[in-house]
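Enquirer: Sharing coords_35.txt, compact mmCIF, C-alpha atoms and all ligand atoms:
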```txt
# COMPACT_ATOMS: atom_id res chain seq x y z
CA MET S 1 -89.03 142.26 73.11
CA GLN S 2 -86.06 140.75 74.97
CA GLU S 3 -85.19 142.33 78.35
CA GLN S 4 -81.79 143.98 78.34
CA THR S 5 -79.22 143.01 80.99
CA PRO S 6 -78.82 146.11 83.19
CA PHE S 7 -75.47 147.86 82.86
CA ASN S 8 -73.12 147.34 85.80
CA VAL S 9 -71.75 150.85 86.33
CA GLU S 10 -69.68 149.91 89.35
CA ALA S 11 -67.89 147.11 87.48
CA PHE S 12 -67.20 149.51 84.61
CA ARG S 13 -65.93 152.23 86.97
CA ASP S 14 -63.62 149.72 88.68
CA GLN S 15 -61.58 149.52 85.49
CA PHE S 16 -60.51 153.19 85.81
CA PRO S 17 -57.89 153.70 88.54
CA ILE S 18 -58.40 157.47 88.55
CA LEU S 19 -61.99 156.99 89.74
CA ALA S 20 -60.73 155.27 92.89
CA GLU S 21 -58.93 158.51 93.77
CA GLN S 22 -60.82 161.62 94.86
CA TYR S 23 -60.68 162.82 91.26
CA GLY S 24 -64.00 164.67 91.17
CA VAL S 25 -66.94 164.49 88.80
CA TYR S 26 -65.65 164.08 85.28
CA LEU S 27 -68.18 165.38 82.72
CA ASP S 28 -65.75 166.10 79.87
CA SER S 29 -65.47 162.76 78.09
CA ALA S 30 -66.09 164.32 74.65
CA ALA S 31 -62.77 166.12 75.11
CA THR S 32 -60.98 162.98 76.25
CA THR S 33 -62.08 159.92 78.18
CA LEU S 34 -60.49 158.57 81.35
CA THR S 35 -58.01 155.72 80.97
CA PRO S 36 -58.63 152.13 82.06
CA LYS S 37 -55.97 150.09 83.88
CA ALA S 38 -55.65 147.66 80.96
CA VAL S 39 -54.45 150.51 78.73
CA ILE S 40 -51.96 151.84 81.28
CA ASP S 41 -50.66 148.28 81.81
CA ALA S 42 -50.25 147.64 78.07
CA GLU S 43 -48.15 150.78 77.63
CA VAL S 44 -46.02 150.02 80.70
CA GLN S 45 -45.51 146.41 79.62
CA TYR S 46 -44.15 147.53 76.26
CA TYR S 47 -41.67 149.97 77.81
CA ALA S 48 -40.77 147.73 80.77
CA THR S 49 -40.33 144.36 79.07
CA GLU S 50 -41.00 144.43 75.31
CA ARG S 51 -39.24 147.54 74.03
CA ALA S 52 -38.16 147.18 70.39
CA THR S 53 -38.75 148.85 67.08
CA VAL S 54 -41.38 147.65 64.62
CA GLY S 55 -41.50 146.78 60.93
CA ARG S 56 -37.75 147.02 60.32
CA SER S 57 -35.66 144.56 62.34
CA ASP S 58 -35.62 140.79 62.49
CA TYR S 59 -34.63 140.03 66.06
CA ARG S 60 -37.38 138.33 68.04
CA ALA S 61 -38.41 141.31 70.22
CA ALA S 62 -38.91 143.45 67.10
CA ILE S 63 -40.89 140.70 65.39
CA ASN S 64 -43.03 140.30 68.52
CA ALA S 65 -43.78 144.06 68.71
CA SER S 66 -44.59 144.16 64.97
CA GLN S 67 -46.94 141.21 65.30
CA LYS S 68 -48.71 142.81 68.24
CA ILE S 69 -49.31 145.96 66.22
CA GLU S 70 -50.77 143.96 63.35
CA ALA S 71 -53.02 142.14 65.83
CA VAL S 72 -54.40 145.51 67.00
CA ARG S 73 -55.02 146.54 63.38
CA GLU S 74 -56.80 143.24 62.81
CA ARG S 75 -59.02 143.57 65.88
CA LEU S 76 -59.90 147.19 65.13
CA SER S 77 -60.66 146.35 61.48
CA HIS S 78 -62.91 143.53 62.64
CA SER S 79 -64.79 145.63 65.16
CA LEU S 80 -65.37 148.35 62.53
CA ASN S 81 -66.43 145.76 59.90
CA LYS S 82 -63.91 147.32 57.56
CA PRO S 83 -64.32 146.32 53.89
CA SER S 84 -61.38 144.21 52.70
CA SER S 85 -60.56 146.67 49.91
CA SER S 86 -59.91 149.52 52.36
CA TYR S 87 -56.81 150.32 54.45
CA LEU S 88 -56.73 150.99 58.17
CA ILE S 89 -53.83 153.33 58.83
CA PHE S 90 -52.52 154.32 62.26
CA CYS S 91 -51.78 158.01 62.75
CA PRO S 92 -51.60 160.43 65.71
CA GLY S 93 -55.37 161.04 65.87
CA ALA S 94 -58.43 162.45 64.14
CA THR S 95 -56.80 165.82 63.39
CA ALA S 96 -53.81 164.14 61.76
CA ALA S 97 -56.10 161.75 59.86
CA LEU S 98 -58.19 164.57 58.38
CA ASN S 99 -55.09 166.55 57.39
CA ILE S 100 -53.60 163.46 55.75
CA ALA S 101 -56.83 162.95 53.78
CA ALA S 102 -56.91 166.60 52.64
CA GLN S 103 -53.30 166.47 51.50
CA ALA S 104 -53.45 163.04 49.89
CA LEU S 105 -55.68 164.11 47.00
CA SER S 106 -54.40 166.03 44.01
CA TRP S 107 -56.78 168.95 43.67
CA GLN S 108 -57.69 170.74 40.44
CA PRO S 109 -58.51 174.46 40.43
CA GLY S 110 -62.29 174.72 40.19
CA ASP S 111 -62.93 171.65 42.39
CA ASN S 112 -65.28 172.31 45.26
CA ILE S 113 -65.53 170.74 48.70
CA ILE S 114 -68.67 170.70 50.80
CA THR S 115 -68.34 170.79 54.57
CA THR S 116 -70.76 171.99 57.26
CA ILE S 117 -71.22 174.75 59.79
CA VAL S 118 -71.28 172.27 62.71
CA GLU S 119 -67.77 170.93 62.10
CA HIS S 120 -64.97 170.89 64.65
CA SER S 121 -61.95 172.94 63.49
CA SER S 122 -60.15 169.66 62.72
CA ASN S 123 -62.66 168.87 59.98
CA PHE S 124 -62.91 172.48 58.81
CA LEU S 125 -59.44 174.02 58.66
CA PRO S 126 -57.82 171.21 56.60
CA TRP S 127 -60.40 172.06 53.90
CA LEU S 128 -60.27 175.85 54.35
CA ARG S 129 -56.50 175.61 53.86
CA LEU S 130 -57.15 174.32 50.33
CA HIS S 131 -59.10 177.49 49.50
CA LYS S 132 -55.71 179.22 49.09
CA PHE S 133 -54.97 176.81 46.24
CA GLY S 134 -58.09 177.72 44.26
CA ILE S 135 -60.50 175.17 45.73
CA GLU S 136 -64.01 176.43 46.46
CA ILE S 137 -65.34 175.66 49.94
CA ARG S 138 -69.11 175.35 50.34
CA ILE S 139 -70.50 175.34 53.86
CA ALA S 140 -73.81 173.58 54.48
CA ARG S 141 -76.09 175.15 57.10
CA PRO S 142 -79.32 173.85 58.59
CA ASP S 143 -82.33 175.07 56.65
CA THR S 144 -84.15 175.69 59.93
CA GLY S 145 -83.10 175.34 63.58
CA THR S 146 -79.70 173.90 64.44
CA GLN S 147 -79.87 170.36 63.01
CA LEU S 148 -78.50 169.44 59.62
CA ASN S 149 -80.19 166.98 57.32
CA SER S 150 -78.78 165.29 54.23
CA ASN S 151 -80.58 167.72 51.92
CA ASP S 152 -78.84 170.72 53.54
CA ILE S 153 -75.58 169.12 52.40
CA LEU S 154 -76.54 167.45 49.12
CA SER S 155 -78.32 170.54 47.76
CA LEU S 156 -74.87 172.19 47.46
CA VAL S 157 -73.51 169.50 45.14
CA ASP S 158 -72.75 170.43 41.54
CA ALA S 159 -70.68 168.96 38.70
CA HIS S 160 -67.44 170.27 40.28
CA THR S 161 -67.96 168.81 43.76
CA ARG S 162 -65.06 166.51 44.49
CA LEU S 163 -65.54 165.77 48.18
CA ILE S 164 -67.99 166.07 51.08
CA ALA S 165 -66.51 166.28 54.59
CA VAL S 166 -68.94 165.82 57.48
CA THR S 167 -68.89 164.86 61.10
CA HIS S 168 -70.53 161.61 62.16
CA VAL S 169 -71.60 163.08 65.53
CA SER S 170 -71.30 166.79 66.40
CA ASN S 171 -69.08 167.58 69.40
CA VAL S 172 -71.47 170.40 70.35
CA THR S 173 -75.02 169.34 69.50
CA GLY S 174 -74.43 165.59 69.82
CA GLU S 175 -76.46 165.23 66.61
CA GLU S 176 -75.71 162.12 64.53
CA LEU S 177 -75.61 162.89 60.82
CA PRO S 178 -77.24 160.55 58.25
CA ILE S 179 -73.93 159.33 56.80
CA GLN S 180 -75.37 156.49 54.72
CA GLU S 181 -77.83 158.81 52.97
CA ILE S 182 -75.00 161.20 52.18
CA THR S 183 -72.51 158.58 50.96
CA ALA S 184 -75.10 156.81 48.79
CA GLU S 185 -75.99 160.01 46.94
CA ALA S 186 -72.38 161.26 46.77
CA HIS S 187 -71.11 158.02 45.27
CA ARG S 188 -73.82 158.07 42.58
CA LYS S 189 -72.12 161.30 41.46
CA GLY S 190 -68.53 160.11 41.90
CA ILE S 191 -67.93 162.34 44.96
CA LEU S 192 -65.71 161.18 47.85
CA CYS S 193 -67.02 161.34 51.44
CA VAL S 194 -64.84 162.04 54.46
CA VAL S 195 -66.36 161.33 57.87
CA ASP S 196 -64.97 162.74 61.10
CA GLY S 197 -65.72 159.95 63.55
CA ALA S 198 -63.99 161.56 66.56
CA GLN S 199 -67.18 161.82 68.61
CA ALA S 200 -68.85 158.68 67.29
CA PHE S 201 -66.09 156.15 67.85
CA GLY S 202 -66.45 155.99 71.66
CA HIS S 203 -70.26 155.94 71.66
CA LEU S 204 -71.62 154.12 68.62
CA SER S 205 -71.09 150.76 67.00
CA ILE S 206 -69.46 151.64 63.70
CA ASP S 207 -69.91 149.57 60.58
CA LEU S 208 -67.64 150.89 57.84
CA THR S 209 -69.14 148.55 55.26
CA GLU S 210 -72.60 150.03 55.90
CA LEU S 211 -71.44 153.64 56.17
CA ASP S 212 -69.50 153.18 52.92
CA CYS S 213 -67.52 156.42 53.37
CA ASP S 214 -64.13 157.01 51.77
CA VAL S 215 -62.28 158.27 54.81
CA TYR S 216 -63.22 157.56 58.41
CA ALA S 217 -61.09 159.34 61.02
CA ALA S 218 -60.97 158.92 64.81
CA SER S 219 -58.76 159.22 67.89
CA ALA S 220 -58.24 156.51 70.50
CA HIS S 221 -58.22 158.94 73.44
CA LYS S 222 -61.92 159.72 73.06
CA ALA S 223 -62.70 156.01 73.36
CA PHE S 224 -60.69 155.02 76.47
CA GLY S 225 -57.39 154.66 74.59
CA PRO S 226 -54.16 156.67 74.92
CA THR S 227 -53.52 160.13 73.52
CA GLY S 228 -51.44 160.57 70.36
CA ILE S 229 -52.87 157.63 68.46
CA GLY S 230 -55.82 157.21 66.11
CA PHE S 231 -56.59 155.94 62.66
CA LEU S 232 -57.95 156.68 59.25
CA ALA S 233 -59.73 154.10 57.17
CA LEU S 234 -59.40 154.72 53.43
CA SER S 235 -61.77 153.10 50.96
CA GLY S 236 -60.58 151.38 47.77
CA ARG S 237 -62.22 154.29 45.87
CA ALA S 238 -60.19 156.85 47.87
CA LEU S 239 -56.96 154.90 47.45
CA GLU S 240 -57.31 155.08 43.65
CA GLN S 241 -57.23 158.90 43.90
CA MET S 242 -54.78 159.42 46.76
CA ASP S 243 -51.02 159.42 47.31
CA PRO S 244 -49.50 159.23 50.79
CA PRO S 245 -48.58 162.81 51.75
CA TRP S 246 -46.06 161.74 54.42
CA VAL S 247 -42.90 160.12 53.11
CA GLY S 248 -39.83 158.82 54.92
CA GLY S 249 -38.45 155.72 56.58
CA GLY S 250 -40.22 152.41 56.40
CA MET S 251 -42.45 153.20 53.42
CA VAL S 252 -39.96 153.23 50.53
CA ASN S 253 -39.84 150.30 48.16
CA ILE S 254 -37.02 151.29 45.74
CA LEU S 255 -34.87 154.44 45.98
CA GLU S 256 -32.49 155.11 43.07
CA GLY S 257 -31.02 158.54 42.48
CA LEU S 258 -33.90 160.97 42.64
CA ASP S 259 -36.54 158.34 41.98
CA TYR S 260 -38.38 156.28 44.52
CA THR S 261 -41.38 154.01 44.70
CA ILE S 262 -43.44 153.40 47.77
CA LYS S 263 -44.47 150.11 49.31
CA SER S 264 -47.88 148.79 48.45
CA GLY S 265 -50.48 148.35 51.17
CA VAL S 266 -50.72 150.02 54.53
CA SER S 267 -46.91 150.29 54.98
CA GLY S 268 -46.80 152.89 52.19
CA TRP S 269 -49.01 155.14 54.36
CA GLU S 270 -47.15 154.82 57.66
CA ALA S 271 -43.85 156.66 57.23
CA GLY S 272 -41.58 156.80 60.27
CA THR S 273 -41.56 154.88 63.54
CA PRO S 274 -45.16 154.65 64.77
CA ASN S 275 -46.41 155.31 68.29
CA VAL S 276 -45.85 151.68 69.30
CA SER S 277 -46.91 151.98 72.95
CA GLY S 278 -49.91 154.04 71.84
CA ILE S 279 -51.04 151.36 69.39
CA LEU S 280 -50.65 148.65 72.03
CA GLY S 281 -52.60 150.78 74.53
CA PHE S 282 -55.20 151.38 71.80
CA GLY S 283 -55.49 147.61 71.40
CA ALA S 284 -56.07 147.19 75.14
CA SER S 285 -58.83 149.82 75.04
CA LEU S 286 -60.84 148.05 72.34
CA PRO S 287 -62.65 145.58 74.64
CA ILE S 288 -63.62 148.52 76.90
CA ARG S 289 -64.88 150.50 73.93
CA GLU S 290 -66.91 147.46 72.89
CA ILE S 291 -68.62 147.46 76.32
CA ALA S 292 -69.21 151.23 76.04
CA VAL S 293 -70.98 150.94 72.67
CA SER S 294 -73.05 147.92 73.72
CA PRO S 295 -76.82 148.52 74.14
CA PRO S 296 -76.88 148.33 78.00
CA ALA S 297 -74.08 150.94 78.32
CA VAL S 298 -75.66 153.18 75.68
CA LEU S 299 -79.00 152.98 77.47
CA HIS S 300 -77.34 153.82 80.80
CA THR S 301 -75.69 156.93 79.29
CA LYS S 302 -78.92 157.92 77.51
CA LYS S 303 -80.79 157.85 80.84
CA LEU S 304 -78.15 160.15 82.34
CA VAL S 305 -78.61 162.50 79.37
CA GLU S 306 -82.37 162.54 80.04
CA GLN S 307 -81.80 163.18 83.75
CA THR S 308 -79.47 166.08 82.89
CA ILE S 309 -81.85 167.61 80.35
CA GLU S 310 -84.79 167.31 82.74
CA GLY S 311 -82.76 169.02 85.47
CA LEU S 312 -81.51 171.81 83.21
CA ASN S 313 -85.03 172.47 81.94
CA ARG S 314 -85.98 173.50 85.48
CA PHE S 315 -83.73 176.58 85.26
CA PRO S 316 -85.55 179.34 83.39
CA GLU S 317 -82.26 181.08 82.61
CA ILE S 318 -80.79 178.03 80.85
CA GLN S 319 -81.13 177.40 77.15
CA LEU S 320 -80.37 173.96 75.74
CA LEU S 321 -78.39 174.00 72.50
CA SER S 322 -77.84 170.29 71.93
CA SER S 323 -80.09 167.87 70.13
CA GLU S 324 -82.73 166.02 72.19
CA THR S 325 -81.59 162.78 70.57
CA SER S 326 -77.93 163.13 71.55
CA SER S 327 -76.61 160.03 73.27
CA SER S 328 -73.91 161.61 75.41
CA ILE S 329 -73.61 165.38 74.91
CA ILE S 330 -75.65 168.14 76.55
CA THR S 331 -74.74 171.68 75.56
CA PHE S 332 -76.36 174.74 77.10
CA SER S 333 -75.91 178.38 77.90
CA ILE S 334 -76.97 180.50 80.86
CA LYS S 335 -78.52 183.88 80.22
CA ASP S 336 -76.02 186.72 80.69
CA GLN S 337 -73.31 184.41 82.05
CA ARG S 338 -69.90 183.81 80.54
CA PRO S 339 -69.44 180.03 80.19
CA HIS S 340 -65.96 180.09 81.77
CA ARG S 341 -67.29 181.73 84.91
CA VAL S 342 -69.82 178.91 85.33
CA SER S 343 -67.30 176.14 84.71
CA SER S 344 -64.79 177.64 87.17
CA PHE S 345 -67.54 177.90 89.80
CA LEU S 346 -68.49 174.23 89.30
CA ASP S 347 -64.87 173.12 89.57
CA GLU S 348 -63.99 175.27 92.57
CA THR S 349 -67.24 174.51 94.45
CA ALA S 350 -67.62 170.77 93.85
CA HIS S 351 -64.73 169.65 91.64
CA ILE S 352 -67.02 169.17 88.65
CA MET S 353 -65.18 169.16 85.32
CA LEU S 354 -66.99 170.21 82.16
CA ARG S 355 -66.15 172.09 78.99
CA ALA S 356 -66.77 175.81 78.51
CA GLY S 357 -66.17 178.00 75.46
CA LEU S 358 -66.31 177.60 71.71
CA MET S 359 -65.32 173.91 71.70
CA CYS S 360 -63.41 174.31 68.42
CA ALA S 361 -66.77 174.91 66.72
CA ILE S 362 -66.46 178.63 66.08
CA PRO S 363 -68.80 179.04 63.06
CA LEU S 364 -71.58 177.11 64.83
CA HIS S 365 -71.34 179.28 67.95
CA GLN S 366 -71.04 182.54 66.04
CA ASP S 367 -73.41 182.09 63.12
CA ILE S 368 -76.06 179.68 64.36
CA PHE S 369 -76.15 180.00 68.15
CA ALA S 370 -75.13 183.70 68.26
CA ARG S 371 -72.99 182.88 71.32
CA PRO S 372 -69.60 184.52 70.67
CA HIS S 373 -68.35 183.45 74.12
CA GLY S 374 -69.36 179.85 73.53
CA SER S 375 -71.43 177.54 75.66
CA LEU S 376 -71.14 174.86 78.33
CA ARG S 377 -70.98 171.16 77.58
CA VAL S 378 -71.62 168.14 79.78
CA SER S 379 -70.35 165.05 77.98
CA LEU S 380 -70.84 161.63 79.43
CA ALA S 381 -69.38 158.15 79.31
CA PRO S 382 -70.73 154.95 80.87
CA TYR S 383 -68.65 155.51 84.05
CA ASN S 384 -70.86 158.47 84.99
CA THR S 385 -73.61 157.98 87.55
CA GLN S 386 -76.98 159.45 88.57
CA ASP S 387 -75.38 160.77 91.78
CA GLU S 388 -72.82 162.70 89.76
CA ILE S 389 -75.56 164.30 87.66
CA ASN S 390 -77.48 165.19 90.84
CA LEU S 391 -74.39 166.86 92.29
CA PHE S 392 -73.86 168.76 89.05
CA LEU S 393 -77.47 170.01 89.05
CA GLN S 394 -77.35 170.97 92.74
CA THR S 395 -74.11 172.90 92.24
CA LEU S 396 -75.57 174.64 89.22
CA CYS S 397 -78.52 175.55 91.40
CA SER S 398 -76.22 177.20 93.94
CA PHE S 399 -74.52 179.08 91.09
CA SER S 400 -77.90 180.23 89.90
CA GLU S 401 -78.99 181.25 93.43
CA THR S 402 -75.74 183.12 94.06
CA TYR S 403 -75.86 184.94 90.74
CA ALA S 404 -79.65 185.24 90.50
CA LYS S 405 -79.43 187.67 93.42
CA ILE S 406 -76.92 189.76 91.57
CA PHE S 407 -78.46 189.51 88.14
CA SER S 408 -82.11 189.17 89.27
CA PHE S 409 -83.01 186.20 87.09
CA PRO S 410 -86.72 185.44 87.07
CA ARG S 411 -87.11 182.10 88.96
CA LYS S 412 -89.77 179.59 87.86
C1 LIG S 501 -65.79 166.26 66.22
C2 LIG S 501 -64.31 166.29 66.47
N1 LIG S 501 -63.47 166.15 65.44
C3 LIG S 501 -62.14 166.15 65.58
C4 LIG S 501 -61.58 166.30 66.83
C5 LIG S 501 -60.09 166.29 66.95
O1 LIG S 501 -59.65 165.19 67.68
P1 LIG S 501 -58.12 165.10 68.14
O2 LIG S 501 -57.86 166.34 68.93
O3 LIG S 501 -58.08 163.87 68.96
O4 LIG S 501 -57.29 165.01 66.92
C6 LIG S 501 -62.41 166.47 67.95
C7 LIG S 501 -61.83 166.68 69.29
O5 LIG S 501 -62.41 167.29 70.15
C8 LIG S 501 -63.81 166.45 67.76
O6 LIG S 501 -64.64 166.58 68.79
```
Can you turn what I pasted into structure tokens?
Expert:
Amino acid sequence: MQEQTPFNVEAFRDQFPILAEQYGVYLDSAATTLTPKAVIDAEVQYYATERATVGRSDYRAAINASQKIEAVRERLSHSLNKPSSSYLIFCPGATAALNIAAQALSWQPGDNIITTIVEHSSNFLPWLRLHKFGIEIRIARPDTGTQLNSNDILSLVDAHTRLIAVTHVSNVTGEELPIQEITAEAHRKGILCVVDGAQAFGHLSIDLTELDCDVYAASAHKAFGPTGIGFLALSGRALEQMDPPWVGGGMVNILEGLDYTIKSGVSGWEAGTPNVSGILGFGASLPIREIAVSPPAVLHTKKLVEQTIEGLNRFPEIQLLSSETSSSIITFSIKDQRPHRVSSFLDETAHIMLRAGLMCAIPLHQDIFARPHGSLRVSLAPYNTQDEINLFLQTLCSFSETYAKIFSFPRK
């Protein structure tokens, strides 16, 4: 086996200006990642020297901005190995992408949609909303434990199933779902598959040709890009059944009286002026994302996950809720402690930032974990270090010692 080049954490960290400040220990990258200088520079450059509209004027600055946007689309399509028959559409982010997908299909009463109990609200509510219009919503749950397998989902399929909507990686358990198994079986039965890639995009190499899903949705800001920009990739199969739900400027082909036709191709799906600076910043983040999903960076993050899990396992009052195979997410709860109290203590004591609460995964916390107040989540990116994890564990230890006295936790 070939030796892997070790990951240079310092060189990676150097790309993030905020880490040169006394920013603290950032362990909330699943919520949003920090921003590299290249992304900040790309946005500033557009506003400072290249400001123009896109896709609708023929002066040189507008043509230049339009070309730059198409170059970002091209690079992103290439890095996702997007099939040529599918469209890569820019939109404000994963939430917008999933809502667009839900509204682009014309539903028939009696259709059913399968989604899962682990979903983030953004891949749950757009489907629940359709329940009001007579669509049945089926929610897959793990047969045992907290991890879903393809059978938990596919066993709910019947002749009326129109669509399966699943996450690629859970934002709470960090579990990666077997997308290829699900899409292969779904397509045999003519069912569309929507994949929420929000948590996968910044951590995994994504091959849309292999995954073969019908919608893939993600946000740039969880993969070192700016906020307010993301994409949805629509398969040729999906495009045959969908109509763009957003209409307006830039996407009309012919408008006569009350009749209109829409442009063919991607333009028909991108009504209105896009987030130009966001797309350019997104483009600048792609090389950094490529480093982050490369094997040395993934291995570095995986080792930090192991270090964190090993440390947490030493606290008898802590229960791990995430999957052991997660590559960047560690979710846990502390006996008798409200998650927000713990996170505030960590921030106020050592400026450690992590997520506390329901994490937009309410059914999972309520029905599977039985944790109505939520849990705590450490989520990592390749800029995190062993020293940061040590500081986190030490600070958690002082929380435990402070509160163990009050709550008399049994110590190991
Ligand atoms: C799994 C998952 N899906 C969807 C989203 C929504 O992403 P955004 O808020 O960028 O639209 C998130 C954000 O936390 C997420 O973790």
Enquirer: Using all atoms listed in the file, determine which residues lie at most 9 Å from region 71-78 of chain S, disregarding the query and same-chain residues fewer than 5 positions distant; provide the list as a PyMOL selection string.
Expert: chain S and resi 66+83+87-90+233+279-280+282-284+286
Enquirer: Which neighbours of region 379-385 of chain S fall inside 7 Å, counting all atoms listed in the file, when residues of the same chain fewer than 3 positions from it are skipped, and could you give them as a PyMOL selection string?
Expert: chain S and resi 9+12-13+27-30+292+297+300-301+328-330+388-389
Enquirer: May I have the centre and edge lengths, in Å to one decimal, of an axis-aligned box around the listed atoms of ligand LIG 501 (chain S) with 8 Å added to every side, as lines of an AutoDock Vina configuration file?
Expert:
```
center_x = -61.5
center_y = 165.6
center_z = 67.8
size_x = 24.5
size_y = 19.4
size_z = 20.7
```
Enquirer: At a cut-off of 9 Å around ligand LIG 501 (chain S), and using only C-alpha atoms and all ligand atoms, what residues come up? Please write them as a count of residues only.
Expert: 40
Enquirer: If you count only C-alpha atoms, which residues fall within 12 Å of Trp246 (chain S), apart from same-chain ones fewer than 4 positions away, as a PDB file with C-alpha atoms, in the coordinates of the input?
Expert:
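Heads up, here's the output in result29.pdb:
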```pdb
ATOM      1  CA  CYS S  91     -51.780 158.010  62.750  1.00  0.00           C
ATOM      2  CA  ALA S  96     -53.810 164.140  61.760  1.00  0.00           C
ATOM      3  CA  ALA S  97     -56.100 161.750  59.860  1.00  0.00           C
ATOM      4  CA  ASN S  99     -55.090 166.550  57.390  1.00  0.00           C
ATOM      5  CA  ILE S 100     -53.600 163.460  55.750  1.00  0.00           C
ATOM      6  CA  ALA S 101     -56.830 162.950  53.780  1.00  0.00           C
ATOM      7  CA  GLN S 103     -53.300 166.470  51.500  1.00  0.00           C
ATOM      8  CA  ALA S 104     -53.450 163.040  49.890  1.00  0.00           C
ATOM      9  CA  MET S 242     -54.780 159.420  46.760  1.00  0.00           C
ATOM     10  CA  GLY S 250     -40.220 152.410  56.400  1.00  0.00           C
ATOM     11  CA  MET S 251     -42.450 153.200  53.420  1.00  0.00           C
ATOM     12  CA  VAL S 252     -39.960 153.230  50.530  1.00  0.00           C
ATOM     13  CA  ILE S 262     -43.440 153.400  47.770  1.00  0.00           C
ATOM     14  CA  SER S 267     -46.910 150.290  54.980  1.00  0.00           C
ATOM     15  CA  GLY S 268     -46.800 152.890  52.190  1.00  0.00           C
ATOM     16  CA  TRP S 269     -49.010 155.140  54.360  1.00  0.00           C
ATOM     17  CA  GLU S 270     -47.150 154.820  57.660  1.00  0.00           C
ATOM     18  CA  ALA S 271     -43.850 156.660  57.230  1.00  0.00           C
ATOM     19  CA  GLY S 272     -41.580 156.800  60.270  1.00  0.00           C
TER      20      GLY S 272
END
```
Enquirer: Nearest to Val305 (chain S): which of S:Ile113, S:Gly265, S:Thr325, S:Ile288 is it, counting only C-alpha atoms?
Expert: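 Going through S:Ile113, S:Gly265, S:Thr325, S:Ile288 one by one, the smallest distance to Val305 (chain S) is for S:Thr325.
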Enquirer: Counting all atoms listed in the file, figure out which residue out of S:Pro295, S:Gly311, S:Pro245, S:Gly202 gets nearest to Phe7 (chain S).
Expert: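 Nearest to Phe7 (chain S): S:Pro295.
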Enquirer: Applying 9 Å and only C-alpha atoms, which residues near Ala62 (chain S) remain after dropping the ones on its own chain fewer than 6 positions away? List them as a PyMOL selection string.
Expert: chain S and resi 50-56
Enquirer: Using only C-alpha atoms, can you tell me which of S:Leu105, S:Arg129, S:Ser57, S:Glu306 comes closest to Thr273 (chain S)?
Expert: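 Closest to Thr273 (chain S) of all the choices is S:Ser57.
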Enquirer: Quick one: residues within 12 Å of Ile191 (chain S), only C-alpha atoms counted, chain neighbours fewer than 6 positions away excluded, as a list in words?
Expert: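 Non-adjacent residues within range: Asp111, Asn112, Ile113, Ile114, Leu154, Val157, Asp158, Ala159, His160, Thr161, Arg162, Leu163, Ile164, Ala165, Ile182, Thr183, Ala184, Glu185, Cys213, Asp214, Arg237, Ala238 and Gln241 of chain S.
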Enquirer: Restricting the calculation to all atoms listed in the file: of S:Leu211, S:Val194, S:Glu240, S:Asp152, which residue gets closest to Pro126 (chain S)?
Expert: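 Of all the options, S:Val194 lies closest to Pro126 (chain S).
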Enquirer: Between S:Ile362, S:Ala42, S:Leu393, S:Ser323, single out the one closest to Thr116 (chain S), counting only C-alpha atoms.
Expert: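 Ranked by minimum distance to Thr116 (chain S), first place goes to S:Ile362.
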Enquirer: To one decimal in Å, tell me the separation between CA of Ser264 (chain S) and CA of Leu208 (chain S).
Expert: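 Rounded to one decimal, the two atoms are 22.0 Å apart.
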Enquirer: Using all atoms listed in the file, can you tell me which of S:Glu176, S:Glu210, S:Glu348, S:Asp259 comes closest to Ser322 (chain S)?
Expert: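 Result for the nearest residue to Ser322 (chain S): S:Glu176.
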Enquirer: If I take CA of Ser326 (chain S) and CA of Thr5 (chain S), how far is one from the other in Å, to one decimal?
Expert: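 Separation between CA of Ser326 (chain S) and CA of Thr5 (chain S): 22.3 Å.
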Enquirer: Interatomic distance between CA of Ile139 (chain S) and CA of Asn151 (chain S)?
Expert: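 Between CA of Ile139 (chain S) and CA of Asn151 (chain S) the gap works out to 12.8 Å.
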